[in-house]
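As structure tokens, the structure follows; a few thoughts come after it.
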Amino acid sequence: MTPAHLLLLPVLLPVLSGCLALLHDGLRWRRAMLLGTAVLLVVVAGWLLIAADRGTYGIYRLGDWPVPVAIVLVLDRLSAAMLLLTAVIGVLGAWRATDGTDRVAPHFHTLYLLQVAGLNGAFLAGDLFNLFVFFELLLIASYALLVYGATTPRLKAGVQYVVLNVTGSSVFLVAIGVLYGVAGSLNFADLAARIAVAPEADAALLRSGALLLLVVFALKAAAAPLSFWLPGAYAATTPAVATLFAMMTKVGVYAIIRTGTLLFGSDAGVVSGAYAPWLTGAAVATILVGTLAAFGATSTARMVSALLVVSVGTMLCAVALFTERALAAALFYLVHSTLAAAAMFLVAGIVPAPASARMATGALYTIGAIAIAGVPPLAGFLGKALILQATPPDARGLWVWSVVLLSSALAVVALARGGVTLFWEQATVSPSDNAPAPAPTPRQPSGYPAGGALLAVVLLSIFAGPAGAYAQRTAHQLLMSGGYVQAVLSTPGGR
């Protein structure tokens with residue numbers, strides 16, 4: 001196995017482990033496969049991150065076919081960071097699942113691993129069609145994970161989720177067909193080279209294909225007006241699955257960044273900057289919609305889901321600028337907001353807490369609320385500050401500053417109100433002496449996975465300097481898209 005073959009591991013490991021989990025009915029065996037694979041993926045992703053940070057591109061052509069026919073996996077700083085983040089979130093969700101979520105249905109472990117494989121494949125895909133394939137893999141797994149338990153809210157949310165995403169997949173195929181019909185290629189590097197020299201006569205079709213892609217990726221990212229499905233779907237599922245689902249929106253954000261810089265960036269000729277005019281308005285609207293949904297939330301999980309939508313809008317405000325400083329800020333905030341949302345989904349799974357654990361659970365809730373609201377002293381505040389600093393002082397910047405600051409303040413109010421309801425009011429209610437004894441309750445889920453997620457948030461805050469520097473190098477590499485194109489096309493078998 002050559003170093004290039006290691007790019008297969010983030011996809012092959014969870015697929016093979018998921019298949020092996022089917023061969024044995026024992027719960028311990030399946031848990032061992034799930035947790036062991038999740039931890040091993042952290043090691044593999046960490047190694048790939050170190051390799052990618054050298055500034056070179058990792059390229060693997062499956063079947064040794066030439067570009068652009070080959071299915072190409074490409075590793076750069078952005079994909080490596082997303083792989084590591086997925087691996088960390090995967091461990092946290094798998095850890096929480098061992099509290100009993102994995103008993104709900106016999107194939108939970110396999111589906112969980114297949115969704116991880118789909119996420120990793122999407123981050124490594126070097127062409128549009130295989131990005132679509134990995135989207136479908138992770139979505140099929142997520143469909144089943146969402147409806148586990150077959151409760152009415154889950155089935156209702158699952159039907160809505162499936163219909164929307166099937167529609168999105170159809171639009172994705174149309175976009176692929178348009179771009180292939182005009183440019184004659186789907187390989188990212190080859191497509192970027194062809195778009196850059198496309199004649200003015202092809203501008204309308206290329207721009208149509210670009211905007212169709214933006215609609216699809218905005219749906220995956222839950223950007224307004226395509227964000228209404230997320231709070232209900234994420235709040236209806238189990239905490240372990242919701243934790244992994246925190247990565248789902250980031251696939252959409254990743255795809256917007258990848259295609260927006262590589263295919264439709266400053267070197268894209270007649271379709272240069274195709275995304276930019278639409279993103280800021282959608283980002284601001286996403287923040288407003290998410291903030292209002294957080295105030296109307298009837299449960300902690302639904303409030304966290306709404307705040308996840310707010311975080312998507314916040315990072316898209318920076319992505320819309322497509323400058324090095326703004327992209328670096330967006331990437332830093334992406335990591336923080338994903339960890340914070342995962343932590344709060346895990347906290348939501350242990351509230352309301354019994355009296356003996358109320359103080360510890362309240363502490364976890366408080367730290368998680370500070371993290372997801374983006375207030376000092378954790379890294380969310382720094383991420384938002386970097387985004388605001390990167391926003392130019394014009395009319396658009398005024399909107400972004402106003403909405404981001406207002407949403408942060410309102411998020412603190414919503415989280416404080418939720419905390420009072422969960423802990424203060426619960427603590428002041430005492431049962432009557434003549435009241436019947438309460439029915440026995442299931443074993444309280446462990447708070448350790450939530451504590452682990454919050455520890456990751458704290459570590460990101462402590463090491464914000466190195467993390468920010470990595471984000472800066474990643475943004476620089478993204479905007480130097482010619483390096484990606486040359487690396488892929490100049491490999492043996494390249495065009």
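Residues in the structure tokens are numbered from 1 in each chain, the chains being A, B, ... in the order shown, and ligands are numbered from 1 in the order shown.
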DSSP says alpha helix (DSSP H) for which residues of stretch 102-184 of chain A? Put them as a VMD selection string?
chain A and resid 108 to 124 128 to 146 152 to 183
Just the residues within 6 Å of A:Phe217, please, counting only C-alpha atoms, with nothing from its chain fewer than 3 positions along; format it as a PyMOL selection string.
chain A and resi 214+220+252
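Proximity ranking of A:Tyr143, A:Phe123, A:Tyr333, A:Trp399 relative to A:Ala371 places A:Tyr333 first, based on only C-alpha atoms.
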Extract, using only C-alpha atoms, all DNA, RNA and protein residues at most 10 Å from A:Gly181, discarding same-chain residues fewer than 6 positions from it, and format them as a VMD selection string.
chain A and resid 175 205 to 206
Go ahead and write the selection's residues with C-alpha atoms as a PDB file, in the first residue's frame.
ATOM      1  CA  ALA A 175     -27.246  20.476 -12.609  1.00  0.00           C
ATOM      2  CA  LEU A 205     -26.028  27.552 -19.324  1.00  0.00           C
ATOM      3  CA  LEU A 206     -22.962  27.484 -17.086  1.00  0.00           C
TER       4      LEU A 206
END
Compile the contact shell of stretch 469-471 of chain A as a list of chain:residue names: residues with an atom at most 7 Å away, counting only C-alpha atoms, same-chain residues fewer than 4 positions apart removed.
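The residues that qualify are A:Ala328, A:Leu331, A:Phe332, A:Gly465, A:Ala475.
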Keeping only N, CA and C atoms, write those residues as a CSV table (one decimal), in the first residue's frame.
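For reference, again35.csv as written:
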chain,number,residue,atom,x,y,z
A,328,ALA,N,-11.1,32.0,6.0
A,328,ALA,CA,-10.4,31.5,7.2
A,328,ALA,C,-11.3,31.6,8.4
A,331,LEU,N,-14.1,29.0,8.3
A,331,LEU,CA,-13.6,27.6,8.6
A,331,LEU,C,-13.4,27.4,10.0
A,332,PHE,N,-12.8,28.4,10.7
A,332,PHE,CA,-12.6,28.4,12.1
A,332,PHE,C,-13.9,28.2,12.9
A,465,GLY,N,-5.0,29.8,18.4
A,465,GLY,CA,-3.9,30.3,17.5
A,465,GLY,C,-3.5,29.3,16.4
A,475,ALA,N,-7.6,28.6,3.7
A,475,ALA,CA,-8.2,29.6,2.8
A,475,ALA,C,-7.3,30.0,1.7
Fewer than 2 positions away in the same chain doesn't count, so skip those; otherwise give me all residues within 12 Å of A:Val104, counting only C-alpha atoms, as a list in words.
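So, after excluding close chain neighbours, the residues are Leu27, Ala97, Thr98, Asp99, Gly100, Thr101, Asp102, Pro106, His107, Phe108, His109, Ala144, Leu145, Leu146, Val147, Tyr148, Gly149, Ala150, Thr151, Thr237 and Thr238 of chain A.
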I'd like the contact shell of A:Val312 - 9 Å cut-off, only C-alpha atoms, skipping same-chain residues fewer than 6 positions apart - returned as a VMD selection string.
chain A and resid 221 to 223 249 to 250 253 283 286 to 287 334 337
Would you output that residue set with N, CA and C atoms, as a short mmCIF file (atom, residue, chain, number, x, y, z; two decimals), in the first residue's frame?
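Output saved as result.cif:
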data_model
loop_
_atom_site.label_atom_id
_atom_site.label_comp_id
_atom_site.auth_asym_id
_atom_site.auth_seq_id
_atom_site.Cartn_x
_atom_site.Cartn_y
_atom_site.Cartn_z
N ALA A 221 -27.23 22.40 3.39
CA ALA A 221 -26.71 23.22 4.49
C ALA A 221 -27.83 23.78 5.37
N ALA A 222 -29.08 23.65 4.93
CA ALA A 222 -30.24 24.22 5.64
C ALA A 222 -30.18 25.74 5.65
N ALA A 223 -29.83 26.34 4.51
CA ALA A 223 -29.85 27.79 4.38
C ALA A 223 -31.25 28.23 3.94
N THR A 249 -25.14 19.36 7.81
CA THR A 249 -25.21 20.70 7.23
C THR A 249 -23.85 21.15 6.72
N LYS A 250 -22.78 20.65 7.34
CA LYS A 250 -21.44 21.08 6.95
C LYS A 250 -21.04 20.51 5.60
N VAL A 253 -22.21 23.23 3.32
CA VAL A 253 -21.29 24.38 3.40
C VAL A 253 -19.98 24.06 2.70
N ALA A 283 -27.77 34.09 3.66
CA ALA A 283 -27.13 33.93 4.97
C ALA A 283 -27.83 34.76 6.03
N THR A 286 -31.14 33.26 6.82
CA THR A 286 -30.96 32.03 7.61
C THR A 286 -30.78 32.35 9.09
N ILE A 287 -29.98 33.37 9.39
CA ILE A 287 -29.78 33.76 10.78
C ILE A 287 -31.10 34.20 11.41
N LEU A 334 -16.74 27.21 11.61
CA LEU A 334 -17.38 25.94 11.24
C LEU A 334 -17.00 24.84 12.22
N SER A 337 -18.62 25.68 15.76
CA SER A 337 -20.08 25.56 15.80
C SER A 337 -20.53 24.11 15.70
#
Out of A:Leu378, A:Ala357, A:Leu478, A:Ala453, which residue has the shortest atom-to-atom distance to A:Ala326 when counting only C-alpha atoms?
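That would be A:Leu478, the residue with the smallest distance to A:Ala326.
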Compile the contact shell of A:Val162 as a PyMOL selection string: residues with an atom at most 12 Å away, counting only C-alpha atoms, same-chain residues fewer than 3 positions apart removed.
chain A and resi 136+139-147+154-159+165-169+229-230+233
Output the selection as a PDB file, in the first residue's frame - C-alpha atoms for each residue.
ATOM      1  CA  GLU A 136     -26.872   9.569  -1.631  1.00  0.00           C
ATOM      2  CA  LEU A 139     -28.650  10.351   2.940  1.00  0.00           C
ATOM      3  CA  ILE A 140     -29.907   6.759   2.629  1.00  0.00           C
ATOM      4  CA  ALA A 141     -28.250   5.914   5.943  1.00  0.00           C
ATOM      5  CA  SER A 142     -29.626   9.067   7.539  1.00  0.00           C
ATOM      6  CA  TYR A 143     -33.177   8.237   6.387  1.00  0.00           C
ATOM      7  CA  ALA A 144     -33.108   4.991   8.373  1.00  0.00           C
ATOM      8  CA  LEU A 145     -31.342   6.512  11.393  1.00  0.00           C
ATOM      9  CA  LEU A 146     -33.867   9.335  11.577  1.00  0.00           C
ATOM     10  CA  VAL A 147     -36.940   7.104  11.847  1.00  0.00           C
ATOM     11  CA  ARG A 154     -39.937  10.766  13.767  1.00  0.00           C
ATOM     12  CA  LEU A 155     -42.023   9.329  10.963  1.00  0.00           C
ATOM     13  CA  LYS A 156     -43.489  12.749  10.169  1.00  0.00           C
ATOM     14  CA  ALA A 157     -40.064  14.389  10.170  1.00  0.00           C
ATOM     15  CA  GLY A 158     -38.647  11.458   8.207  1.00  0.00           C
ATOM     16  CA  VAL A 159     -41.195  11.735   5.400  1.00  0.00           C
ATOM     17  CA  ASN A 165     -33.767  15.454  -0.150  1.00  0.00           C
ATOM     18  CA  VAL A 166     -35.046  13.291  -3.002  1.00  0.00           C
ATOM     19  CA  THR A 167     -36.141  16.504  -4.689  1.00  0.00           C
ATOM     20  CA  GLY A 168     -32.725  18.001  -4.020  1.00  0.00           C
ATOM     21  CA  SER A 169     -31.031  14.933  -5.489  1.00  0.00           C
ATOM     22  CA  TRP A 229     -36.985  21.026   7.569  1.00  0.00           C
ATOM     23  CA  LEU A 230     -34.023  20.892   9.961  1.00  0.00           C
ATOM     24  CA  ALA A 233     -35.959  16.436  11.828  1.00  0.00           C
TER      25      ALA A 233
END
Option closest in space to A:Leu83, from A:Gly46, A:Ile59, A:Leu6, A:Gly418 [counting only C-alpha atoms]
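Ranking A:Gly46, A:Ile59, A:Leu6, A:Gly418 by distance to A:Leu83, first place goes to A:Gly46.
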